[in-house]
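Student: What follows is a structure written as structure tokens; I'll ask about it next.
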Amino acid sequence: MRVYVPLTLPGLAEAHKAGALGPAPLDAYAVTPALREWYRSDDVEELEYAALGRAAEGSLRMLAADPEAPRRRVVVAVDVPEGAVLTDPERGLDQAAYGEVRLAAAVPLSKAAAVHVDAGDAEEDVAAAAAALGAADRGDDDARFTVDGAEDHDLMWFGVQEIPNLIQ
């Protein structure tokens, strides 16, 4: 099963140094039944792109909590057995939790399929979005517009072997 783990660049550096994403439990995103119903598509690639987008928002939340981290969203795509993924049935109908899963164990970085990172030209919009996230969560429409501005930037795809270049 493909899952998308949100990180920051410092978090990616820690994972690279440790050789694993962790410690467990680890929040991630995947194509879940709730995400499938919300997105209303049977196209697996579209659904995985939606899960990646949810993880990018998770990365944005991490950036909002870490003002020292470079303003670039980071998502690591990893392949894990389905039994390694847990969902919270209590949050199944919560729109904020669509696609949300939890990994019960750390995941070796060798299981990573790819790393997705914002390009440098996204940093200004990502910084503004991270700063506006709290107000957007409280219903401020202007702040939501600012947060949505980060979503206008597609994350770039990198092979796992390129991680050392990303964390320099």
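Lettering and numbering for the structure tokens are positional, with chains as A, B, ... in the shown order, residues counted from 1 in each chain, and ligands counted from 1 in the shown order.
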From a DSSP pass on the backbone, collect the residues of stretch 5-109 of chain A flagged as alpha helix (DSSP H) and hand them back as an MDAnalysis selection string.
Tutor: chainID A and resid 9:18 33:39 44:65
Student: Just to be explicit: take each residue in the selection above, keep N, CA and C atoms, and write the result as a CSV table (one decimal), in the first residue's frame.
Tutor:
chain,number,residue,atom,x,y,z
A,9,LEU,N,12.0,19.8,5.7
A,9,LEU,CA,13.3,19.4,5.3
A,9,LEU,C,14.2,19.0,6.4
A,10,PRO,N,14.1,19.6,7.6
A,10,PRO,CA,14.8,19.1,8.8
A,10,PRO,C,14.4,17.7,9.1
A,11,GLY,N,13.1,17.4,9.0
A,11,GLY,CA,12.6,16.0,9.3
A,11,GLY,C,13.1,15.0,8.3
A,12,LEU,N,13.2,15.4,7.0
A,12,LEU,CA,13.8,14.6,6.0
A,12,LEU,C,15.3,14.3,6.3
A,13,ALA,N,16.0,15.3,6.8
A,13,ALA,CA,17.4,15.1,7.1
A,13,ALA,C,17.5,14.1,8.3
A,14,GLU,N,16.7,14.2,9.3
A,14,GLU,CA,16.7,13.3,10.4
A,14,GLU,C,16.4,11.9,9.9
A,15,ALA,N,15.4,11.7,9.0
A,15,ALA,CA,15.1,10.4,8.5
A,15,ALA,C,16.2,9.8,7.7
A,16,HIS,N,16.9,10.7,7.0
A,16,HIS,CA,18.0,10.2,6.2
A,16,HIS,C,19.2,9.7,7.1
A,17,LYS,N,19.4,10.5,8.1
A,17,LYS,CA,20.5,10.1,9.1
A,17,LYS,C,20.2,8.8,9.8
A,18,ALA,N,18.9,8.7,10.2
A,18,ALA,CA,18.5,7.5,10.9
A,18,ALA,C,18.2,6.3,10.0
A,33,PRO,N,-11.1,4.5,2.2
A,33,PRO,CA,-12.5,4.5,1.8
A,33,PRO,C,-13.1,5.9,1.9
A,34,ALA,N,-12.8,6.6,3.0
A,34,ALA,CA,-13.4,8.0,3.1
A,34,ALA,C,-12.8,9.0,2.1
A,35,LEU,N,-11.5,8.8,1.8
A,35,LEU,CA,-10.9,9.7,0.8
A,35,LEU,C,-11.5,9.4,-0.6
A,36,ARG,N,-11.7,8.1,-0.9
A,36,ARG,CA,-12.3,7.6,-2.1
A,36,ARG,C,-13.7,8.2,-2.3
A,37,GLU,N,-14.5,8.2,-1.2
A,37,GLU,CA,-15.9,8.7,-1.3
A,37,GLU,C,-15.9,10.2,-1.5
A,38,TRP,N,-15.0,10.9,-0.7
A,38,TRP,CA,-14.9,12.4,-0.8
A,38,TRP,C,-14.5,12.8,-2.2
A,39,TYR,N,-13.5,12.2,-2.7
A,39,TYR,CA,-12.9,12.6,-4.0
A,39,TYR,C,-13.7,12.2,-5.2
A,44,VAL,N,-7.1,5.4,-9.8
A,44,VAL,CA,-6.2,5.3,-8.7
A,44,VAL,C,-5.1,6.4,-8.7
A,45,GLU,N,-4.7,6.8,-9.9
A,45,GLU,CA,-3.7,7.9,-9.9
A,45,GLU,C,-4.3,9.2,-9.4
A,46,GLU,N,-5.5,9.5,-9.7
A,46,GLU,CA,-6.2,10.7,-9.1
A,46,GLU,C,-6.3,10.6,-7.6
A,47,LEU,N,-6.7,9.4,-7.2
A,47,LEU,CA,-6.9,9.2,-5.7
A,47,LEU,C,-5.5,9.4,-5.0
A,48,GLU,N,-4.5,8.8,-5.6
A,48,GLU,CA,-3.2,8.9,-4.9
A,48,GLU,C,-2.7,10.4,-4.9
A,49,TYR,N,-3.0,11.1,-6.0
A,49,TYR,CA,-2.7,12.5,-6.1
A,49,TYR,C,-3.4,13.3,-5.0
A,50,ALA,N,-4.7,12.9,-4.7
A,50,ALA,CA,-5.4,13.5,-3.6
A,50,ALA,C,-4.8,13.2,-2.3
A,51,ALA,N,-4.4,12.0,-2.1
A,51,ALA,CA,-3.7,11.6,-0.8
A,51,ALA,C,-2.4,12.4,-0.7
A,52,LEU,N,-1.7,12.6,-1.8
A,52,LEU,CA,-0.4,13.4,-1.7
A,52,LEU,C,-0.8,14.8,-1.3
A,53,GLY,N,-1.8,15.3,-1.9
A,53,GLY,CA,-2.3,16.7,-1.5
A,53,GLY,C,-2.6,16.8,0.0
A,54,ARG,N,-3.2,15.8,0.5
A,54,ARG,CA,-3.6,15.9,1.9
A,54,ARG,C,-2.3,15.8,2.8
A,55,ALA,N,-1.3,15.0,2.3
A,55,ALA,CA,0.0,15.0,3.0
A,55,ALA,C,0.7,16.3,2.9
A,56,ALA,N,0.6,17.0,1.7
A,56,ALA,CA,1.3,18.3,1.6
A,56,ALA,C,0.7,19.3,2.6
A,57,GLU,N,-0.6,19.2,2.8
A,57,GLU,CA,-1.2,20.0,3.8
A,57,GLU,C,-0.7,19.7,5.2
A,58,GLY,N,-0.5,18.4,5.5
A,58,GLY,CA,0.1,18.0,6.7
A,58,GLY,C,1.5,18.5,6.9
A,59,SER,N,2.3,18.6,5.8
A,59,SER,CA,3.6,19.2,5.9
A,59,SER,C,3.5,20.7,6.2
A,60,LEU,N,2.5,21.3,5.6
A,60,LEU,CA,2.3,22.7,5.8
A,60,LEU,C,2.0,23.0,7.3
A,61,ARG,N,1.2,22.1,7.9
A,61,ARG,CA,0.9,22.2,9.3
A,61,ARG,C,2.2,22.1,10.2
A,62,MET,N,3.1,21.2,9.7
A,62,MET,CA,4.4,21.0,10.4
A,62,MET,C,5.2,22.3,10.3
A,63,LEU,N,5.2,22.9,9.1
A,63,LEU,CA,5.9,24.1,8.9
A,63,LEU,C,5.4,25.2,9.8
A,64,ALA,N,4.1,25.3,9.9
A,64,ALA,CA,3.5,26.3,10.8
A,64,ALA,C,3.9,26.2,12.2
A,65,ALA,N,4.2,24.9,12.6
A,65,ALA,CA,4.7,24.7,14.0
A,65,ALA,C,6.2,24.8,14.2
Student: Please provide as a PyMOL selection string all residues within 10 Å of A:Ala128, with the sequence filter that same-chain residues fewer than 3 positions apart are discarded (counting only C-alpha atoms).
Tutor: chain A and resi 64+71+123-125+131-133+143+146-147+149-150
Student: Using only C-alpha atoms, which of the listed residues (A:Leu166, A:Val74, A:Val80, A:Val126) sits closest to A:Ala106?
Tutor: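 Of all the options, A:Val80 lies closest to A:Ala106.
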Student: How close does stretch 61-124 of chain A get to stretch 161-165 of chain A? List, as CSV, each residue of stretch 61-124 of chain A within 10 Å, its nearest atom pair and the distance in Å to one decimal, counting only C-alpha atoms.
Tutor:
residue,atom,partner,partner_atom,distance
A:Ser110,CA,A:Gln161,CA,9.9
A:Ala114,CA,A:Gln161,CA,9.0
A:Val115,CA,A:Ile163,CA,7.7
Student: Hey, which of A:Ala104, A:Asp43, A:Met1, A:Asp66 ends up closest to A:Leu26? Count only C-alpha atoms.
Tutor: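 Comparing A:Ala104, A:Asp43, A:Met1, A:Asp66 against A:Leu26, the winner is A:Ala104.
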Student: Here is a test: counting only C-alpha atoms, which residue of A:Ala129, A:Ala69, A:Ala84, A:Ala119 is nearest to A:Arg102?
Tutor: A:Ala84
Student: Counting only C-alpha atoms, figure out which residue out of A:Val75, A:Val160, A:Leu155, A:Val85 gets nearest to A:Thr8.
Tutor: A:Val75
Student: Rank A:Met156, A:Val5, A:Ala127, A:Ala30 by their smallest atom-to-atom distance to A:Glu82, using only C-alpha atoms, and report the top residue only.
Tutor: A:Ala30
Student: Mind checking DSSP for stretch 21-104 of chain A and telling me the strand (DSSP E or B) residues as a PDB file with all heavy atoms, in the first residue's frame?
Tutor:
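Result written to out25.pdb:
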ATOM      1  N   LEU A  21      11.891   6.477   8.610  1.00  0.00           N
ATOM      2  CA  LEU A  21      10.876   7.459   8.985  1.00  0.00           C
ATOM      3  C   LEU A  21      10.306   7.003  10.312  1.00  0.00           C
ATOM      4  O   LEU A  21       9.840   5.878  10.437  1.00  0.00           O
ATOM      5  CB  LEU A  21       9.776   7.518   7.927  1.00  0.00           C
ATOM      6  CG  LEU A  21      10.206   7.960   6.539  1.00  0.00           C
ATOM      7  CD1 LEU A  21       9.111   7.650   5.534  1.00  0.00           C
ATOM      8  CD2 LEU A  21      10.538   9.433   6.534  1.00  0.00           C
ATOM      9  N   LEU A  26       3.365   7.019  13.338  1.00  0.00           N
ATOM     10  CA  LEU A  26       3.694   8.012  12.335  1.00  0.00           C
ATOM     11  C   LEU A  26       2.436   8.379  11.560  1.00  0.00           C
ATOM     12  O   LEU A  26       1.764   7.505  11.022  1.00  0.00           O
ATOM     13  CB  LEU A  26       4.738   7.394  11.406  1.00  0.00           C
ATOM     14  CG  LEU A  26       5.571   8.261  10.512  1.00  0.00           C
ATOM     15  CD1 LEU A  26       6.379   9.277  11.306  1.00  0.00           C
ATOM     16  CD2 LEU A  26       6.527   7.381   9.722  1.00  0.00           C
ATOM     17  N   ASP A  27       2.098   9.657  11.525  1.00  0.00           N
ATOM     18  CA  ASP A  27       0.934  10.112  10.771  1.00  0.00           C
ATOM     19  C   ASP A  27       1.265  10.125   9.291  1.00  0.00           C
ATOM     20  O   ASP A  27       2.358  10.526   8.893  1.00  0.00           O
ATOM     21  CB  ASP A  27       0.505  11.503  11.219  1.00  0.00           C
ATOM     22  CG  ASP A  27      -0.039  11.518  12.632  1.00  0.00           C
ATOM     23  OD1 ASP A  27      -0.614  10.497  13.051  1.00  0.00           O
ATOM     24  OD2 ASP A  27       0.102  12.546  13.319  1.00  0.00           O
ATOM     25  N   ALA A  28       0.318   9.697   8.477  1.00  0.00           N
ATOM     26  CA  ALA A  28       0.510   9.639   7.035  1.00  0.00           C
ATOM     27  C   ALA A  28      -0.857   9.746   6.367  1.00  0.00           C
ATOM     28  O   ALA A  28      -1.892   9.862   7.038  1.00  0.00           O
ATOM     29  CB  ALA A  28       1.211   8.336   6.647  1.00  0.00           C
ATOM     30  N   TYR A  29      -0.864   9.670   5.040  1.00  0.00           N
ATOM     31  CA  TYR A  29      -2.087   9.752   4.253  1.00  0.00           C
ATOM     32  C   TYR A  29      -2.050   8.677   3.180  1.00  0.00           C
ATOM     33  O   TYR A  29      -0.985   8.325   2.677  1.00  0.00           O
ATOM     34  CB  TYR A  29      -2.239  11.147   3.619  1.00  0.00           C
ATOM     35  CG  TYR A  29      -2.399  12.202   4.677  1.00  0.00           C
ATOM     36  CD1 TYR A  29      -1.288  12.731   5.327  1.00  0.00           C
ATOM     37  CD2 TYR A  29      -3.653  12.628   5.076  1.00  0.00           C
ATOM     38  CE1 TYR A  29      -1.426  13.665   6.341  1.00  0.00           C
ATOM     39  CE2 TYR A  29      -3.805  13.558   6.094  1.00  0.00           C
ATOM     40  CZ  TYR A  29      -2.688  14.072   6.720  1.00  0.00           C
ATOM     41  OH  TYR A  29      -2.829  14.988   7.731  1.00  0.00           O
ATOM     42  N   VAL A  74       7.314  18.942   2.251  1.00  0.00           N
ATOM     43  CA  VAL A  74       8.013  17.697   1.922  1.00  0.00           C
ATOM     44  C   VAL A  74       7.066  16.534   2.196  1.00  0.00           C
ATOM     45  O   VAL A  74       6.427  16.477   3.259  1.00  0.00           O
ATOM     46  CB  VAL A  74       9.286  17.519   2.785  1.00  0.00           C
ATOM     47  CG1 VAL A  74       9.954  16.190   2.493  1.00  0.00           C
ATOM     48  CG2 VAL A  74      10.237  18.677   2.576  1.00  0.00           C
ATOM     49  N   VAL A  75       6.978  15.605   1.252  1.00  0.00           N
ATOM     50  CA  VAL A  75       6.173  14.391   1.421  1.00  0.00           C
ATOM     51  C   VAL A  75       7.002  13.221   0.905  1.00  0.00           C
ATOM     52  O   VAL A  75       7.541  13.279  -0.193  1.00  0.00           O
ATOM     53  CB  VAL A  75       4.839  14.477   0.646  1.00  0.00           C
ATOM     54  CG1 VAL A  75       4.074  13.161   0.752  1.00  0.00           C
ATOM     55  CG2 VAL A  75       3.993  15.643   1.138  1.00  0.00           C
ATOM     56  N   VAL A  76       7.089  12.166   1.719  1.00  0.00           N
ATOM     57  CA  VAL A  76       7.786  10.954   1.299  1.00  0.00           C
ATOM     58  C   VAL A  76       6.743   9.882   1.010  1.00  0.00           C
ATOM     59  O   VAL A  76       5.895   9.583   1.864  1.00  0.00           O
ATOM     60  CB  VAL A  76       8.776  10.459   2.377  1.00  0.00           C
ATOM     61  CG1 VAL A  76       9.470   9.186   1.931  1.00  0.00           C
ATOM     62  CG2 VAL A  76       9.800  11.543   2.694  1.00  0.00           C
ATOM     63  N   ALA A  77       6.789   9.334  -0.195  1.00  0.00           N
ATOM     64  CA  ALA A  77       5.887   8.243  -0.585  1.00  0.00           C
ATOM     65  C   ALA A  77       6.582   6.926  -0.251  1.00  0.00           C
ATOM     66  O   ALA A  77       7.710   6.696  -0.688  1.00  0.00           O
ATOM     67  CB  ALA A  77       5.580   8.318  -2.074  1.00  0.00           C
ATOM     68  N   VAL A  78       5.920   6.105   0.550  1.00  0.00           N
ATOM     69  CA  VAL A  78       6.499   4.812   0.939  1.00  0.00           C
ATOM     70  C   VAL A  78       5.489   3.700   0.675  1.00  0.00           C
ATOM     71  O   VAL A  78       4.277   3.916   0.702  1.00  0.00           O
ATOM     72  CB  VAL A  78       6.933   4.777   2.427  1.00  0.00           C
ATOM     73  CG1 VAL A  78       8.037   5.771   2.693  1.00  0.00           C
ATOM     74  CG2 VAL A  78       5.774   5.036   3.359  1.00  0.00           C
ATOM     75  N   ASP A  79       6.019   2.518   0.422  1.00  0.00           N
ATOM     76  CA  ASP A  79       5.180   1.343   0.218  1.00  0.00           C
ATOM     77  C   ASP A  79       5.297   0.460   1.445  1.00  0.00           C
ATOM     78  O   ASP A  79       6.408   0.085   1.847  1.00  0.00           O
ATOM     79  CB  ASP A  79       5.628   0.588  -1.037  1.00  0.00           C
ATOM     80  CG  ASP A  79       5.373   1.409  -2.294  1.00  0.00           C
ATOM     81  OD1 ASP A  79       4.284   2.002  -2.393  1.00  0.00           O
ATOM     82  OD2 ASP A  79       6.258   1.462  -3.161  1.00  0.00           O
ATOM     83  N   VAL A  85      -0.868  -0.244   8.347  1.00  0.00           N
ATOM     84  CA  VAL A  85      -1.626   1.003   8.317  1.00  0.00           C
ATOM     85  C   VAL A  85      -2.865   0.889   9.202  1.00  0.00           C
ATOM     86  O   VAL A  85      -3.654  -0.039   9.070  1.00  0.00           O
ATOM     87  CB  VAL A  85      -2.035   1.327   6.861  1.00  0.00           C
ATOM     88  CG1 VAL A  85      -2.883   2.575   6.809  1.00  0.00           C
ATOM     89  CG2 VAL A  85      -0.806   1.473   5.993  1.00  0.00           C
ATOM     90  N   LEU A  86      -3.010   1.860  10.087  1.00  0.00           N
ATOM     91  CA  LEU A  86      -4.171   1.909  10.977  1.00  0.00           C
ATOM     92  C   LEU A  86      -4.999   3.146  10.655  1.00  0.00           C
ATOM     93  O   LEU A  86      -4.454   4.204  10.341  1.00  0.00           O
ATOM     94  CB  LEU A  86      -3.717   1.983  12.432  1.00  0.00           C
ATOM     95  CG  LEU A  86      -2.724   0.919  12.908  1.00  0.00           C
ATOM     96  CD1 LEU A  86      -2.191   1.281  14.281  1.00  0.00           C
ATOM     97  CD2 LEU A  86      -3.374  -0.439  12.906  1.00  0.00           C
ATOM     98  N   GLU A 100      -6.396  10.168   6.170  1.00  0.00           N
ATOM     99  CA  GLU A 100      -5.452  10.100   7.292  1.00  0.00           C
ATOM    100  C   GLU A 100      -5.297   8.664   7.780  1.00  0.00           C
ATOM    101  O   GLU A 100      -6.287   7.961   7.986  1.00  0.00           O
ATOM    102  CB  GLU A 100      -5.994  10.977   8.420  1.00  0.00           C
ATOM    103  CG  GLU A 100      -5.025  11.287   9.505  1.00  0.00           C
ATOM    104  CD  GLU A 100      -5.640  12.279  10.491  1.00  0.00           C
ATOM    105  OE1 GLU A 100      -6.273  11.817  11.456  1.00  0.00           O
ATOM    106  OE2 GLU A 100      -5.506  13.502  10.251  1.00  0.00           O
ATOM    107  N   VAL A 101      -4.057   8.249   7.942  1.00  0.00           N
ATOM    108  CA  VAL A 101      -3.749   6.926   8.489  1.00  0.00           C
ATOM    109  C   VAL A 101      -2.606   7.072   9.478  1.00  0.00           C
ATOM    110  O   VAL A 101      -1.977   8.129   9.571  1.00  0.00           O
ATOM    111  CB  VAL A 101      -3.371   5.904   7.383  1.00  0.00           C
ATOM    112  CG1 VAL A 101      -4.536   5.657   6.437  1.00  0.00           C
ATOM    113  CG2 VAL A 101      -2.139   6.336   6.627  1.00  0.00           C
ATOM    114  N   ARG A 102      -2.341   6.006  10.185  1.00  0.00           N
ATOM    115  CA  ARG A 102      -1.227   5.993  11.137  1.00  0.00           C
ATOM    116  C   ARG A 102      -0.423   4.734  10.893  1.00  0.00           C
ATOM    117  O   ARG A 102      -0.980   3.655  10.722  1.00  0.00           O
ATOM    118  CB  ARG A 102      -1.758   6.036  12.561  1.00  0.00           C
ATOM    119  CG  ARG A 102      -0.637   6.130  13.570  1.00  0.00           C
ATOM    120  CD  ARG A 102      -1.111   6.663  14.863  1.00  0.00           C
ATOM    121  NE  ARG A 102      -1.203   8.112  14.698  1.00  0.00           N
ATOM    122  CZ  ARG A 102      -1.702   8.921  15.600  1.00  0.00           C
ATOM    123  NH1 ARG A 102      -2.181   8.451  16.717  1.00  0.00           N
ATOM    124  NH2 ARG A 102      -1.738  10.200  15.399  1.00  0.00           N
ATOM    125  N   LEU A 103       0.885   4.900  10.865  1.00  0.00           N
ATOM    126  CA  LEU A 103       1.781   3.760  10.716  1.00  0.00           C
ATOM    127  C   LEU A 103       2.220   3.334  12.111  1.00  0.00           C
ATOM    128  O   LEU A 103       2.715   4.146  12.884  1.00  0.00           O
ATOM    129  CB  LEU A 103       2.989   4.136   9.860  1.00  0.00           C
ATOM    130  CG  LEU A 103       2.639   4.554   8.436  1.00  0.00           C
ATOM    131  CD1 LEU A 103       3.857   5.119   7.723  1.00  0.00           C
ATOM    132  CD2 LEU A 103       2.075   3.374   7.673  1.00  0.00           C
TER     133      LEU A 103
END
Student: Could you tell me which of A:Arg73, A:Glu151, A:Arg40, A:Pro108 comes closest to A:Pro23 if we count only C-alpha atoms?
Tutor: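 Using only C-alpha atoms, A:Pro23 sits closest to A:Pro108.
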